[in-house]
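File shown here: input22.cif, holding mmCIF, C-alpha atoms.
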```cif
data_entry
loop_
_atom_site.label_atom_id
_atom_site.label_comp_id
_atom_site.auth_asym_id
_atom_site.auth_seq_id
_atom_site.Cartn_x
_atom_site.Cartn_y
_atom_site.Cartn_z
CA MET A 1 -5.07 -16.70 -32.06
CA PHE A 2 -5.31 -17.94 -28.49
CA GLN A 3 -7.87 -20.58 -27.55
CA CYS A 4 -9.34 -18.92 -24.48
CA ASN A 5 -12.49 -18.15 -22.59
CA VAL A 6 -12.21 -14.97 -20.56
CA ILE A 7 -14.36 -11.98 -19.66
CA GLY A 8 -12.95 -8.47 -19.67
CA ILE A 9 -14.66 -6.01 -17.34
CA ASP A 10 -14.33 -2.24 -17.54
CA THR A 11 -15.37 -0.93 -14.12
CA ALA A 12 -16.94 2.47 -13.54
CA LYS A 13 -19.00 4.34 -10.94
CA SER A 14 -22.44 3.71 -12.43
CA SER A 15 -22.21 1.13 -15.27
CA PHE A 16 -19.87 -1.76 -16.12
CA GLU A 17 -18.93 -2.88 -19.61
CA ILE A 18 -18.57 -6.66 -20.10
CA PHE A 19 -16.76 -8.30 -23.00
CA GLU A 20 -16.55 -12.10 -23.31
CA TRP A 21 -14.03 -13.62 -25.69
CA LYS A 22 -14.18 -17.34 -26.49
CA ASP A 23 -12.28 -19.29 -29.13
CA GLU A 24 -11.53 -16.29 -31.37
CA LYS A 25 -15.14 -15.11 -31.27
CA VAL A 26 -17.04 -12.47 -29.34
CA GLN A 27 -19.54 -14.30 -27.17
CA MET A 28 -21.01 -11.35 -25.30
CA GLN A 29 -20.68 -7.58 -25.16
CA ARG A 30 -23.10 -5.67 -22.96
CA SER A 31 -23.44 -2.97 -20.32
CA LEU A 32 -24.83 -3.54 -16.84
CA PRO A 33 -25.65 -1.09 -14.06
CA ARG A 34 -23.60 -1.30 -10.92
CA LYS A 35 -26.47 -2.67 -8.82
CA LYS A 36 -26.89 -5.76 -11.04
CA ILE A 37 -23.23 -6.76 -11.36
CA ALA A 38 -23.07 -8.99 -8.27
CA GLU A 39 -26.31 -10.81 -9.16
CA PHE A 40 -25.20 -11.29 -12.78
CA PHE A 41 -21.88 -12.98 -11.92
CA GLN A 42 -23.41 -14.95 -9.05
CA LYS A 43 -25.64 -16.80 -11.53
CA MET A 44 -22.91 -17.21 -14.16
CA GLU A 45 -20.79 -20.35 -14.37
CA LYS A 46 -17.25 -20.05 -13.04
CA LYS A 47 -14.97 -18.25 -15.49
CA THR A 48 -11.81 -16.15 -15.66
CA LEU A 49 -12.52 -12.46 -15.08
CA ILE A 50 -10.00 -9.80 -16.09
CA MET A 51 -10.10 -6.22 -14.74
CA GLU A 52 -7.85 -3.20 -14.60
CA ALA A 53 -6.19 -2.51 -11.24
CA CYS A 54 -7.98 0.78 -10.62
CA GLY A 55 -10.37 2.26 -8.07
CA GLY A 56 -12.67 -0.38 -6.57
CA SER A 57 -11.12 -3.27 -8.50
CA HIS A 58 -9.71 -4.94 -5.38
CA TYR A 59 -13.16 -4.92 -3.77
CA TRP A 60 -14.74 -6.51 -6.83
CA GLY A 61 -11.84 -8.93 -7.09
CA ARG A 62 -12.46 -10.21 -3.55
CA LEU A 63 -16.21 -10.40 -4.19
CA PHE A 64 -15.89 -12.33 -7.46
CA THR A 65 -13.30 -14.65 -5.91
CA LYS A 66 -15.76 -15.59 -3.16
CA MET A 67 -18.24 -16.49 -5.91
CA GLY A 68 -15.73 -18.99 -7.30
CA HIS A 69 -14.44 -17.04 -10.30
CA ASN A 70 -10.75 -16.78 -11.22
CA VAL A 71 -10.06 -13.03 -11.00
CA LYS A 72 -6.95 -11.35 -12.42
CA LEU A 73 -5.99 -7.67 -12.27
CA ILE A 74 -3.80 -5.92 -14.83
CA ALA A 75 -2.01 -2.60 -14.49
CA PRO A 76 -3.76 0.04 -16.68
CA GLN A 77 -0.56 0.96 -18.57
CA LYS A 78 -0.28 -2.63 -19.81
CA VAL A 79 -3.82 -2.56 -21.22
CA THR A 80 -3.31 0.54 -23.39
CA PRO A 81 -1.33 -1.22 -26.20
CA PHE A 82 -4.25 -3.65 -26.75
CA ARG A 83 -6.83 -0.92 -27.38
CA MET A 84 -7.57 -1.08 -31.11
CA ALA A 85 -9.61 2.10 -31.59
CA HIS A 86 -10.72 5.21 -29.74
CA LYS A 87 -10.92 5.12 -25.97
CA ASN A 88 -14.40 4.24 -24.73
CA ASP A 89 -15.91 1.70 -22.36
CA LYS A 90 -16.48 -0.99 -24.98
CA ASN A 91 -12.97 -0.77 -26.42
CA ASP A 92 -11.50 -0.72 -22.92
CA ALA A 93 -13.32 -3.93 -21.96
CA ARG A 94 -12.14 -5.59 -25.18
CA ALA A 95 -8.56 -4.47 -24.54
CA VAL A 96 -8.68 -5.83 -20.98
CA ALA A 97 -9.81 -9.23 -22.26
CA LEU A 98 -7.08 -9.36 -24.93
CA ALA A 99 -4.39 -8.27 -22.47
CA GLY A 100 -5.47 -10.95 -20.02
CA VAL A 101 -4.67 -13.78 -22.41
CA CYS A 102 -1.32 -12.36 -23.54
CA PRO A 103 1.54 -14.78 -22.69
CA ASN A 104 3.86 -13.76 -19.83
CA MET A 105 1.51 -11.01 -18.71
CA LYS A 106 2.24 -9.67 -15.22
CA PHE A 107 -0.84 -9.51 -13.00
CA VAL A 108 -1.46 -7.40 -9.89
CA PRO A 109 -2.23 -9.34 -6.68
CA ILE A 110 -5.63 -8.65 -5.16
CA LYS A 111 -5.26 -6.77 -1.90
CA GLU A 112 -6.95 -7.97 1.24
CA SER A 113 -9.10 -5.60 3.27
CA TRP A 114 -6.45 -5.24 6.00
CA GLN A 115 -3.89 -4.19 3.41
CA GLN A 116 -6.19 -1.48 2.15
CA ASP A 117 -6.80 -0.35 5.75
CA ILE A 118 -3.10 0.16 6.46
CA LEU A 119 -2.39 1.79 3.10
CA SER A 120 -5.39 4.10 3.58
CA ILE A 121 -3.90 5.26 6.88
CA HIS A 122 -0.66 6.00 5.03
CA ARG A 123 -2.49 8.06 2.40
CA ILE A 124 -4.39 10.00 5.06
CA ARG A 125 -1.20 10.63 7.03
CA GLU A 126 0.62 11.80 3.91
CA ARG A 127 -2.12 14.36 3.21
CA LEU A 128 -2.12 15.53 6.83
CA MET A 129 1.64 15.99 6.76
CA GLY A 130 1.24 18.24 3.73
CA ASN A 131 -1.49 20.22 5.48
CA GLN A 132 0.70 20.61 8.55
CA THR A 133 3.59 21.95 6.48
CA SER A 134 1.25 24.37 4.66
CA LEU A 135 -0.16 25.72 7.93
CA ILE A 136 3.30 26.18 9.44
CA ASN A 137 4.52 28.07 6.38
CA GLU A 138 1.37 30.20 6.32
CA ILE A 139 1.70 31.21 9.96
CA ARG A 140 5.41 31.97 9.63
CA GLY A 141 4.78 34.01 6.49
CA LEU A 142 1.98 36.06 8.05
CA LEU A 143 3.95 36.81 11.22
CA GLN A 144 6.98 37.80 9.16
CA GLU A 145 4.91 40.63 7.69
CA TYR A 146 4.65 42.02 11.24
CA GLY A 147 8.35 41.73 11.93
CA ILE A 148 8.17 38.40 13.80
CA VAL A 149 10.61 35.86 12.34
CA ILE A 150 10.21 32.33 13.68
CA PRO A 151 12.95 29.78 12.89
CA VAL A 152 12.12 26.71 10.84
CA ARG A 153 10.83 23.47 12.40
CA ALA A 154 7.41 22.92 13.89
CA ASN A 155 8.66 22.82 17.48
CA ASN A 156 9.90 26.42 17.23
CA LEU A 157 6.50 27.59 16.04
CA ARG A 158 4.62 25.68 18.74
CA SER A 159 6.85 27.04 21.49
CA HIS A 160 6.47 30.60 20.18
CA LEU A 161 2.66 30.37 20.02
CA ALA A 162 2.19 28.31 23.16
CA ASP A 163 1.09 31.43 25.04
CA PRO A 164 -1.20 33.71 22.95
CA ALA A 165 -0.41 36.58 25.32
CA THR A 166 3.02 36.86 23.75
CA LEU A 167 1.41 38.09 20.54
CA ALA A 168 -0.10 41.05 22.38
CA ASP A 169 3.37 42.11 23.50
CA GLN A 170 4.60 42.22 19.89
CA ASN A 171 2.32 45.00 18.61
CA ILE A 172 -0.13 42.72 16.76
CA SER A 173 -3.72 43.92 16.47
CA PRO A 174 -6.52 41.94 18.18
CA LEU A 175 -7.98 41.08 14.75
CA MET A 176 -4.74 39.51 13.55
CA ARG A 177 -4.21 37.81 16.91
CA ARG A 178 -7.52 35.98 16.54
CA GLN A 179 -6.56 34.78 13.06
CA VAL A 180 -3.16 33.52 14.21
CA VAL A 181 -4.67 31.76 17.23
CA ALA A 182 -7.28 30.11 14.96
CA LEU A 183 -4.55 28.90 12.59
CA HIS A 184 -2.58 27.59 15.56
CA ASP A 185 -5.62 25.66 16.83
CA GLU A 186 -6.09 24.19 13.36
CA LEU A 187 -2.43 23.16 13.38
CA LEU A 188 -2.85 21.42 16.72
CA GLN A 189 -5.85 19.49 15.37
CA VAL A 190 -3.89 18.33 12.34
CA THR A 191 -0.97 17.31 14.57
CA THR A 192 -3.31 15.33 16.80
CA ARG A 193 -4.67 13.42 13.80
CA ILE A 194 -1.13 12.65 12.61
CA GLU A 195 -0.28 11.27 16.06
CA GLN A 196 -3.39 9.08 15.94
CA CYS A 197 -2.34 7.70 12.55
CA ASP A 198 1.11 6.97 13.98
CA LYS A 199 -0.48 5.07 16.88
CA ASP A 200 -2.58 2.96 14.48
CA LEU A 201 0.50 2.15 12.38
CA GLU A 202 2.47 1.31 15.51
CA SER A 203 -0.24 -1.14 16.59
CA PHE A 204 -0.02 -2.88 13.22
CA HIS A 205 3.80 -2.86 13.43
CA LYS A 206 3.74 -4.68 16.78
CA GLU A 207 1.50 -7.40 15.35
CA SER A 208 3.34 -7.83 12.04
CA ASP A 209 6.46 -9.98 12.13
CA ALA A 210 7.45 -8.92 8.60
CA SER A 211 7.24 -5.23 9.49
CA GLN A 212 9.43 -5.72 12.56
CA ARG A 213 12.11 -7.55 10.57
CA ILE A 214 12.11 -4.89 7.84
CA ALA A 215 12.43 -2.05 10.37
CA LYS A 216 15.82 -3.38 11.54
CA ILE A 217 17.47 -2.30 8.29
CA GLU A 218 19.44 0.95 8.44
CA GLY A 219 17.41 3.82 7.00
CA ILE A 220 14.03 2.09 7.39
CA GLY A 221 11.69 2.98 10.21
CA LEU A 222 8.14 2.25 11.27
CA ILE A 223 6.46 4.20 8.44
CA THR A 224 8.43 2.54 5.64
CA ALA A 225 8.25 -0.93 7.21
CA THR A 226 4.48 -0.88 7.65
CA ALA A 227 3.93 0.48 4.13
CA ILE A 228 6.03 -2.27 2.53
CA ALA A 229 4.55 -5.02 4.72
CA ALA A 230 1.05 -3.97 3.66
CA SER A 231 1.91 -3.46 -0.02
CA CYS A 232 3.80 -6.72 -0.53
CA PRO A 233 2.79 -9.42 1.96
CA ASN A 234 3.56 -12.19 -0.55
CA PRO A 235 7.15 -12.05 -1.89
CA ASP A 236 6.53 -15.02 -4.22
CA VAL A 237 4.95 -12.58 -6.67
CA PHE A 238 8.50 -11.51 -7.58
CA LYS A 239 11.14 -13.86 -8.94
CA ASN A 240 14.06 -12.22 -7.13
CA GLY A 241 15.13 -9.10 -5.34
CA ARG A 242 15.96 -7.27 -8.55
CA GLU A 243 12.43 -7.78 -9.83
CA PHE A 244 11.08 -6.35 -6.57
CA SER A 245 13.39 -3.35 -6.93
CA CYS A 246 12.28 -2.98 -10.54
CA TRP A 247 8.65 -2.98 -9.36
CA LEU A 248 9.56 0.02 -7.18
CA GLY A 249 11.24 1.81 -10.10
CA LEU A 250 14.71 1.85 -8.49
CA VAL A 251 16.63 0.10 -11.29
CA PRO A 252 18.16 1.99 -14.24
CA GLY A 253 16.35 1.97 -17.54
CA HIS A 254 18.08 1.40 -20.87
CA THR A 255 17.57 1.83 -24.57
CA GLN A 256 19.05 -0.20 -27.41
CA THR A 257 18.93 -0.06 -31.19
CA GLY A 258 20.47 -2.18 -33.90
CA GLY A 259 23.45 -1.20 -35.98
CA LYS A 260 27.15 -0.98 -35.41
CA ASP A 261 26.92 -0.26 -31.71
CA SER A 262 24.23 -2.57 -30.32
CA LYS A 263 25.15 -2.25 -26.66
CA PRO A 264 22.33 -0.92 -24.49
CA LYS A 265 22.59 2.66 -23.32
CA MET A 266 21.95 2.97 -19.59
CA LEU A 267 19.58 5.68 -18.45
CA GLY A 268 18.34 6.95 -15.09
CA ILE A 269 16.03 4.94 -12.85
CA THR A 270 12.67 4.04 -14.37
CA LYS A 271 10.55 5.63 -11.57
CA LYS A 272 7.82 3.09 -12.24
CA GLY A 273 5.63 1.41 -9.64
CA ASP A 274 4.56 2.82 -6.30
CA LYS A 275 6.15 6.26 -5.97
CA TYR A 276 5.17 6.47 -2.29
CA LEU A 277 7.27 3.43 -1.36
CA ARG A 278 10.12 4.63 -3.56
CA LYS A 279 10.04 8.03 -1.87
CA LEU A 280 10.17 6.47 1.61
CA LEU A 281 13.15 4.29 0.71
CA VAL A 282 15.09 7.18 -0.84
CA GLN A 283 14.35 9.49 2.08
CA GLY A 284 15.53 6.80 4.49
CA SER A 285 18.73 6.44 2.47
CA MET A 286 19.30 10.20 2.65
CA ALA A 287 18.93 10.03 6.44
CA THR A 288 21.43 7.15 6.55
CA ILE A 289 23.97 9.16 4.55
CA ALA A 290 23.47 12.18 6.80
CA THR A 291 24.08 10.02 9.88
CA MET A 292 27.17 8.51 8.28
CA ASN A 293 28.60 11.93 7.41
CA LYS A 294 27.98 13.16 10.94
CA ALA A 295 29.74 10.12 12.42
CA ILE A 296 32.70 10.64 10.06
CA ARG A 297 32.98 14.29 11.09
CA ILE A 298 32.91 13.38 14.77
CA LYS A 299 35.53 10.66 14.26
CA THR A 300 37.78 12.99 12.27
CA ALA A 301 37.52 15.69 14.92
CA ALA A 302 38.33 13.18 17.65
CA GLU A 303 41.39 11.95 15.77
CA GLU A 304 42.64 15.50 15.22
CA LEU A 305 42.15 16.27 18.89
CA LYS A 306 44.00 13.11 19.80
CA GLN A 307 46.93 14.05 17.57
CA THR A 308 47.22 17.53 19.07
CA THR A 309 47.06 16.33 22.68
CA LYS A 310 49.24 13.26 22.19
CA THR A 311 52.23 13.05 24.57
CA ASP A 312 55.27 10.84 24.46
CA ILE A 313 54.54 7.78 26.54
CA PRO A 314 57.53 5.53 27.37
CA THR A 315 57.14 2.09 25.87
CA MET A 316 57.54 -0.99 27.99
CA PRO A 317 60.32 -3.42 27.01
CA ARG A 318 59.06 -6.43 25.13
CA ILE A 319 59.30 -9.73 26.97
CA ALA A 320 59.97 -12.69 24.75
CA THR A 321 57.82 -15.70 25.42
CA THR A 322 59.54 -19.03 25.97
CA SER A 323 57.22 -20.83 23.58
CA VAL A 324 58.71 -18.94 20.65
CA ALA A 325 62.10 -17.75 21.88
CA ASN A 326 63.25 -21.20 23.03
CA HIS A 327 62.18 -22.87 19.80
CA PRO A 328 63.78 -20.93 16.94
CA GLY A 329 62.76 -23.59 14.42
CA ARG A 330 59.05 -23.15 15.10
CA LYS A 331 57.35 -20.79 12.69
CA ARG A 332 55.26 -18.03 14.15
CA LYS A 333 51.68 -18.34 13.01
CA LYS A 334 50.10 -15.31 11.46
CA PHE A 335 46.75 -14.27 12.84
CA VAL A 336 44.14 -14.17 10.11
CA SER A 337 40.68 -12.85 10.92
CA ARG A 338 38.15 -15.03 9.17
CA ALA A 339 35.17 -13.07 10.40
CA LYS A 340 34.73 -10.09 8.12
CA ASP A 341 32.65 -7.19 9.38
CA LYS A 342 29.98 -6.81 6.73
CA SER A 343 28.54 -3.70 8.35
CA GLN A 344 31.91 -1.98 7.95
CA SER A 345 32.12 -3.02 4.29
CA ARG A 346 28.60 -1.68 3.75
CA LEU A 347 29.65 1.63 5.34
CA GLU A 348 32.82 1.80 3.26
CA TRP A 349 30.82 1.06 0.10
CA LEU A 350 28.37 3.86 0.87
CA HIS A 351 31.11 6.33 1.78
CA ARG A 352 33.02 5.57 -1.42
CA LEU A 353 29.84 5.90 -3.49
CA VAL A 354 29.05 9.29 -1.96
CA LYS A 355 32.54 10.55 -2.82
CA GLU A 356 32.40 9.23 -6.40
CA LYS A 357 28.77 9.76 -7.43
CA GLY A 358 27.39 12.31 -4.99
CA THR A 359 24.73 12.14 -2.30
CA GLN A 360 21.65 11.85 -4.54
CA LYS A 361 22.88 8.93 -6.65
CA ALA A 362 24.29 7.19 -3.59
CA ALA A 363 20.91 7.49 -1.85
CA VAL A 364 19.14 5.86 -4.81
CA ALA A 365 21.75 3.09 -4.92
CA LEU A 366 21.31 2.44 -1.20
CA ALA A 367 17.52 2.39 -1.63
CA ASN A 368 17.93 -0.17 -4.42
CA ARG A 369 20.15 -2.29 -2.19
CA ASN A 370 17.72 -2.04 0.73
CA ALA A 371 14.84 -3.09 -1.52
CA ARG A 372 16.64 -6.30 -2.45
CA VAL A 373 17.43 -7.01 1.19
CA ILE A 374 13.76 -6.46 2.05
CA TRP A 375 12.67 -9.01 -0.55
CA ALA A 376 15.16 -11.52 0.83
CA LEU A 377 13.85 -10.98 4.37
CA LEU A 378 10.26 -11.49 3.23
CA LYS A 379 11.15 -14.52 1.10
CA THR A 380 13.32 -16.40 3.59
CA LYS A 381 11.59 -15.13 6.77
CA GLN A 382 14.97 -14.44 8.32
CA SER A 383 16.09 -11.64 10.60
CA TYR A 384 18.36 -8.82 9.53
CA ASP A 385 21.97 -8.96 10.70
CA PRO A 386 24.35 -6.31 9.26
CA LYS A 387 27.41 -8.35 10.33
CA ARG A 388 26.65 -11.15 7.88
CA GLY A 389 26.66 -11.26 4.13
CA GLY A 390 23.71 -9.43 2.63
CA GLY A 391 22.54 -8.38 6.06
CA ILE A 392 20.55 -11.59 6.62
CA SER A 393 20.94 -14.26 9.26
CA HIS A 394 18.97 -17.36 10.02
CA ALA A 395 16.18 -16.75 12.48
CA ALA A 396 16.46 -18.54 15.77
#
```
Would you encode the structure as structure tokens?
Amino acid sequence: MFQCNVIGIDTAKSSFEIFEWKDEKVQMQRSLPRKKIAEFFQKMEKKTLIMEACGGSHYWGRLFTKMGHNVKLIAPQKVTPFRMAHKNDKNDARAVALAGVCPNMKFVPIKESWQQDILSIHRIRERLMGNQTSLINEIRGLLQEYGIVIPVRANNLRSHLADPATLADQNISPLMRRQVVALHDELLQVTTRIEQCDKDLESFHKESDASQRIAKIEGIGLITATAIAASCPNPDVFKNGREFSCWLGLVPGHTQTGGKDSKPKMLGITKKGDKYLRKLLVQGSMATIATMNKAIRIKTAAEELKQTTKTDIPTMPRIATTSVANHPGRKRKKFVSRAKDKSQSRLEWLHRLVKEKGTQKAAVALANRNARVIWALLKTKQSYDPKRGGGISHAA
């Protein structure tokens, strides 16, 4: 057994369960109401406190750290294997304490208050975006029952309902007109709140150097950059870029058994970690692929047009230069371009991947690649440059 002295805490809304483990023996196991927790640990000598990374744990982690305790947070899924009996508060506190002393255990960094502020804005904005989509679909569906078909996109709906008098000209009863106008007003309120959230995130983006550097990557905008900058301000938590990508669930899983064929079988991506960040990265990759396909179509159309309108242009006679013509023994030097365009190779890689694997798999692969570049930017504090290897250049 491990020689340790830790306290496992199972947090809750009203009462906390405390389990102290010292030198293979249970030193203390008791319940305390929420109001007495701060006073209890303020009087206690400085120890290592282990908690699950759940609701309110970051607040208590900051509070206990100010008291001088060494606080560590563990992901809940890593505590489950250490629970020895049925799930209850006492067994959960014991499992937290045992998981905290396990060798090579990965702990969750305690978030600062400003991180929680920015991430809270993201959560609120995400809910408002869902409400906006629901209202738009509801209005379009109701008007379709009266023979009014409005094209998709929010701008089309707003332009159609900008003047309520237009509804009277389309044989809609006054009762239904009032309901549609009320739904439209509700939609405008939701849109105004979304715009306010965007302004708050933009203010943080202008003050955050890390967010500005991340936003220069293709397929990553203000929303994704601010979310990553607030979720992972300290890149030293991860050993390398692959570990950061694994934390986001963008790396393939695998399974392996013994026997004749012991090679691991590769599976799909693990989808572990923060699904909100993973979704933003994949959506940005989809937008990048769509932009690439559009550029390829435009280029192809331009080349076809050039071929059809091409006329025979007389070529000018070549004039031999004296430096080469008058010295037949001198070898002509071949021009070799040492500067390789990394952005072009990145585009060729993505285009080839789309043709071989399809759009969905290529988007996940690009999100995985962007995640590793993001970790490198945060680790080295360099600026993004697509013309250099890995998309990173030394900051001036």
Could you name the residues that touch Tyr59 in chain A at 9 Å or less, counting all atoms listed in the file, but leaving out those on the same chain fewer than 5 positions away, as a list in words?
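Final neighbour list, sorted by chain and number: Phe64, Ile110, Lys111, Glu112 and Ser113 of chain A.
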Calculate how many Å separate CA of Leu63 in chain A from CA of Ala99 in chain A, rounding to one decimal.
21.9 Å
For Ala210 in chain A, which of A:Thr255, A:Gln77, A:Gln382, A:Thr48 is the closest residue, counting only C-alpha atoms?
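Of A:Thr255, A:Gln77, A:Gln382, A:Thr48, the one nearest Ala210 in chain A is A:Gln382, counting only C-alpha atoms.
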Ala290 in chain A: which residues within 12 Å, counting only C-alpha atoms, same-chain residues fewer than 5 positions away excluded, as number ranges by chain?
A: 219, 283-285, 295-297, 350-351, 354, 359-360, 362-363
Using Å and a single decimal, report how far CA of Lys275 in chain A sits from CA of Glu356 in chain A.
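Atom-to-atom, CA of Glu356 in chain A and CA of Lys275 in chain A are spaced 26.4 Å apart.
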